[in-house]
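Asks: The structure is given below, and queries will be raised subsequently.
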Amino acid sequence: MIRINQLKLSPGHTDEEMKNKIKRILKLSEHDSFTYNIVKRSIDARKKPDIYYSYAVDVQVRKEQAVINRSKGNQVSLAVPVNYQFPVCGQRELKHRPVIVGTGPAGLFCGYMLALHGYKPILLERGMDVDSRKKEVDRFWEGGRLNTECNVQFGEGGAGTFSDGKLNTLVKDKDGLNKEVLSIFVKSGAQQSILYEGKPHIGTDILMQVVKNMRQAIIDNGGDVLFNTKVSDILVFDERIQAVITEAAGMETVRIDTDTLVLAIGHSARDTFDMLYRRKVPMEAKSFAVGVRVEHLQKMIDFSQYAVEEHEHLPPASYKLTAKTEEGRSVYSFCMCPGGYVVNASSEEGRLAVNGMSYSNRDGRNANSAIIVSVTPEDYESRHPLAGIAFQRMLEERAYVVGQGKVPVEYYANFKAYTKKTGNPPKIENAYSPEIKGQWQFADVHAIMPEALNKALVEGIEKFDRIIPGYAADHVLLSGIESRTSSPVRIHRDINGQSEIRGIYPCGEGAGYAGGIMSAAMDGIKIAEFIAKEYKPFEKEN
């Protein structure tokens with residue numbers, strides 16, 4: 001297999017143009033037959049408005065080495081594909097089926113791999129199946145009461161189900177794990193293009209079907225998925241997990257015995273963190289970030305990236321921005337949603353949090369992104385392992401009060417004026433309305449966070465304006481509070497993935513080992529590997 005890097009073509013090119021470019025680069029004759037596969041595609045806009053797609057392409061052709069030898073430069077090389085391999089299973093007997101708490105990406109992929117290899121896992125989800133969950137979330141967004149057990153944070157698919165469905169990660173992939181996750185997504189119904197896009201995303205609409213298909217695969221391979229089933233306690237004897245106690249709506253508590261418990265609980269399972277702390281599961285507070293959702297017109301972002309407000313052959317543009325304040329805090333964009341919506345992502349009564357989401361076609365009028373500031377245990381004013389959760393709750397309570405239960409929105413001019421104490425803000429011109437899933441109202445977003453964090457946000461946004469002109473315009477919309485960027489807790493685990501309480505496997509974003517759909521899914525597979533290396537699967541039933 002031959003790899004061609006930096007193969008550039010104009011957006012909207014044809015398959016014939018791709019083949020002709022391959023022939024020219026490899027110096028193939030008209031009689032040389034070949035096939036090709038796109039490995040990666042990214043947008044090269046460094047010389048806009050002249051914009052290109054830049055490809056990495058694998059080509060199959062006869063006499064590969066001879067073709068490589070006559071191709072000059074570093075653009076052509078021999079491709080060495082990396083194929084993922086699940087480990088050889090161990091020989092220790094499992095007394096009970098593995099139990100996985102949570103069906104977000106970490107729990108879902110862990111369960112998928114264990115089921116596929118004969119371990120018959122039991123997945124426990126406090127929320128509803130994804131179809132029922134969507135109805136419950138839509139009802140809440142339309143003004144209904146919050147369901148604290150099934151919402152944007154809890155339910156099949158995890159918090160990522162109501163997001164942009166981004167699938168990029170900074171995790172190194174020497175074992176082909178990233179590609180394996182993407183392949184499973186495609187096998188489960190995601191679009192083929194995620195296998196090669198430089199910034200792949202699924203979109204919340206397609207992700208819901210993918211989640212259902214993965215659940216069915218788990219069941220078809222001997223696993224079980226139980227919804228409306230909350231883990232209220234764990235039973236430990238001699239520093240080893242013995243069982244979990246579950247509560248189902250309208251039913252008595254049920255004990256499920258297990259010798260392998262995967263905690264893929266997500267970053268918002270605060271009551272579960274509290275229970276685990278009381279049961280002396282070792283954990284610590286960790287740094288995370290908080291901030292606001294910032295909305296701009298998508299056509300403004302497109303112009304900044306493409307030099308045109310709409311490009312016929314390119315997707316809605318995204319961006320990634322970072323800055324360092326004078327006081328040393330990091331301010332950066334997070335979970336940027338082209339053509340997306342701000343959503344009410346609350347999960348507790350009397351507390352309000354926001355997030356961003358996009359559908360697969362990203363055709364909303366506004367772009368939104370979290371602009372967040374790093375916070376550390378020093379900001380929590382406590383060394384308690386759950387101090388970060390208390391800090392989140394304090395901010396979310398303020399957001400709820402400020403917005404009177406609705407998502408609070410403020411023009412950037414007002415936010416900056418109060419933060420810099422410059423008096424009355426200017427009259428807002430060229431205003432546009434926010435794109436929000438859930439009820440909202442204009443309110444004092446600047447009153448939610450401590451002054452030091454507001455100051456850092458303003459400093460960062462002003463710097464971003466130098467990169468994207470108009471980013472700090474008076475009429476830009478800010479919504480608060482973005483407080484669920486990642487887990488404020490890390491549950492300790494060793495090099496084999498286990499807690500000091502043996503048989504407990506902390507996993508994914510909630511446990512502090514991931515930061516997004518892809519890294520959580522990859523961590524879920526890694527925990528499945530740890531279990532498989534130690535235990536042998538159950539024998540298949542006739």
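Following the order of the structure tokens, first chain is A, next is B, and so on, with residues numbered from 1 inside each chain and ligands from 1 in the order they appear.
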What lies within 6 Å of Pro200 (chain A) using only C-alpha atoms, ignoring chain neighbours under 3 positions off, as a PyMOL selection string?
Replies: chain A and resi 167+194+197
Asks: Keeping N, CA and C atoms, export the residues of the selection given above as a JSON list (two decimals), in the first residue's frame.
Replies:
```json
[["chain", "number", "residue", "atom", "x", "y", "z"],
["A", 167, "LEU", "N", -15.83, 13.96, 17.18],
["A", 167, "LEU", "CA", -15.09, 12.71, 17.32],
["A", 167, "LEU", "C", -13.60, 12.91, 17.17],
["A", 194, "ILE", "N", -16.76, 9.98, 8.63],
["A", 194, "ILE", "CA", -16.05, 10.19, 9.90],
["A", 194, "ILE", "C", -14.74, 9.41, 9.95],
["A", 197, "GLU", "N", -12.45, 12.31, 7.91],
["A", 197, "GLU", "CA", -12.50, 13.76, 8.12],
["A", 197, "GLU", "C", -11.51, 14.19, 9.21]]
```
Asks: Give the strand (DSSP E) residues of region 218-356 of chain A, as DSSP finds them on the backbone, and put them as a count of residues only.
Replies: 59
Asks: List the spatial neighbours of region 121-127 of chain A as a list in words - criterion: any atom at most 7 Å away, only C-alpha atoms, same-chain residues fewer than 5 positions off excluded.
Replies: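 Near neighbours after the sequence-gap exclusion: Arg97, Pro98, Val99, Ile100, Val101, Gly102, Thr103, Gly111, Leu114, Ala115, Glu149, Cys150, Phe154, Gly155, Glu156, Gly223, Asp224, Val225, Leu226, Phe227, Asn228, Thr229 and Lys230 of chain A.
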Asks: Go ahead and dump the residues you just picked, C-alpha atoms, as a PDB file, in the first residue's frame.
Replies:
```
ATOM      1  CA  ARG A  97     -21.278 -11.134  35.058  1.00  0.00           C
ATOM      2  CA  PRO A  98     -19.468  -7.787  34.736  1.00  0.00           C
ATOM      3  CA  VAL A  99     -21.602  -4.785  35.718  1.00  0.00           C
ATOM      4  CA  ILE A 100     -21.161  -1.463  33.926  1.00  0.00           C
ATOM      5  CA  VAL A 101     -22.677   1.673  35.459  1.00  0.00           C
ATOM      6  CA  GLY A 102     -23.588   4.214  32.785  1.00  0.00           C
ATOM      7  CA  THR A 103     -24.313   4.049  29.053  1.00  0.00           C
ATOM      8  CA  GLY A 111     -20.103  -3.118  27.182  1.00  0.00           C
ATOM      9  CA  LEU A 114     -17.148  -7.277  26.434  1.00  0.00           C
ATOM     10  CA  ALA A 115     -20.385  -8.536  24.874  1.00  0.00           C
ATOM     11  CA  GLU A 149     -32.996  11.173  36.529  1.00  0.00           C
ATOM     12  CA  CYS A 150     -33.347  11.650  32.760  1.00  0.00           C
ATOM     13  CA  PHE A 154     -28.469  11.299  32.198  1.00  0.00           C
ATOM     14  CA  GLY A 155     -29.848   8.633  29.893  1.00  0.00           C
ATOM     15  CA  GLU A 156     -28.772   6.318  27.090  1.00  0.00           C
ATOM     16  CA  GLY A 223     -25.516  -8.632  27.351  1.00  0.00           C
ATOM     17  CA  ASP A 224     -28.338  -6.814  29.108  1.00  0.00           C
ATOM     18  CA  VAL A 225     -29.122  -3.090  29.262  1.00  0.00           C
ATOM     19  CA  LEU A 226     -31.372  -1.962  32.122  1.00  0.00           C
ATOM     20  CA  PHE A 227     -32.865   1.546  32.048  1.00  0.00           C
ATOM     21  CA  ASN A 228     -34.364   3.580  34.901  1.00  0.00           C
ATOM     22  CA  THR A 229     -31.961   1.656  37.135  1.00  0.00           C
ATOM     23  CA  LYS A 230     -29.845   3.729  39.484  1.00  0.00           C
TER      24      LYS A 230
END
```
Asks: Using only C-alpha atoms for the distances, tell me which of A:Val244, A:Lys179, A:Pro49, A:Phe442 is nearest to Leu263 (chain A).
Replies: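 Nearest to Leu263 (chain A): A:Val244.
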Asks: Could you check which of A:Tyr411, A:Phe464, A:Tyr55, A:Gln153 is closest to Glu136 (chain A), using only C-alpha atoms?
Replies: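 That would be A:Gln153, the residue with the smallest distance to Glu136 (chain A).
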Asks: State, in Å with one decimal place, the distance from CA of Tyr53 (chain A) to CA of Tyr36 (chain A).
Replies: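 Result for CA of Tyr53 (chain A) versus CA of Tyr36 (chain A): 16.4 Å, one decimal.
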Asks: Counting only C-alpha atoms, which of A:His201, A:Arg270, A:Lys120, A:Lys526 gets nearest to Ala514 (chain A)?
Replies: A:Lys526
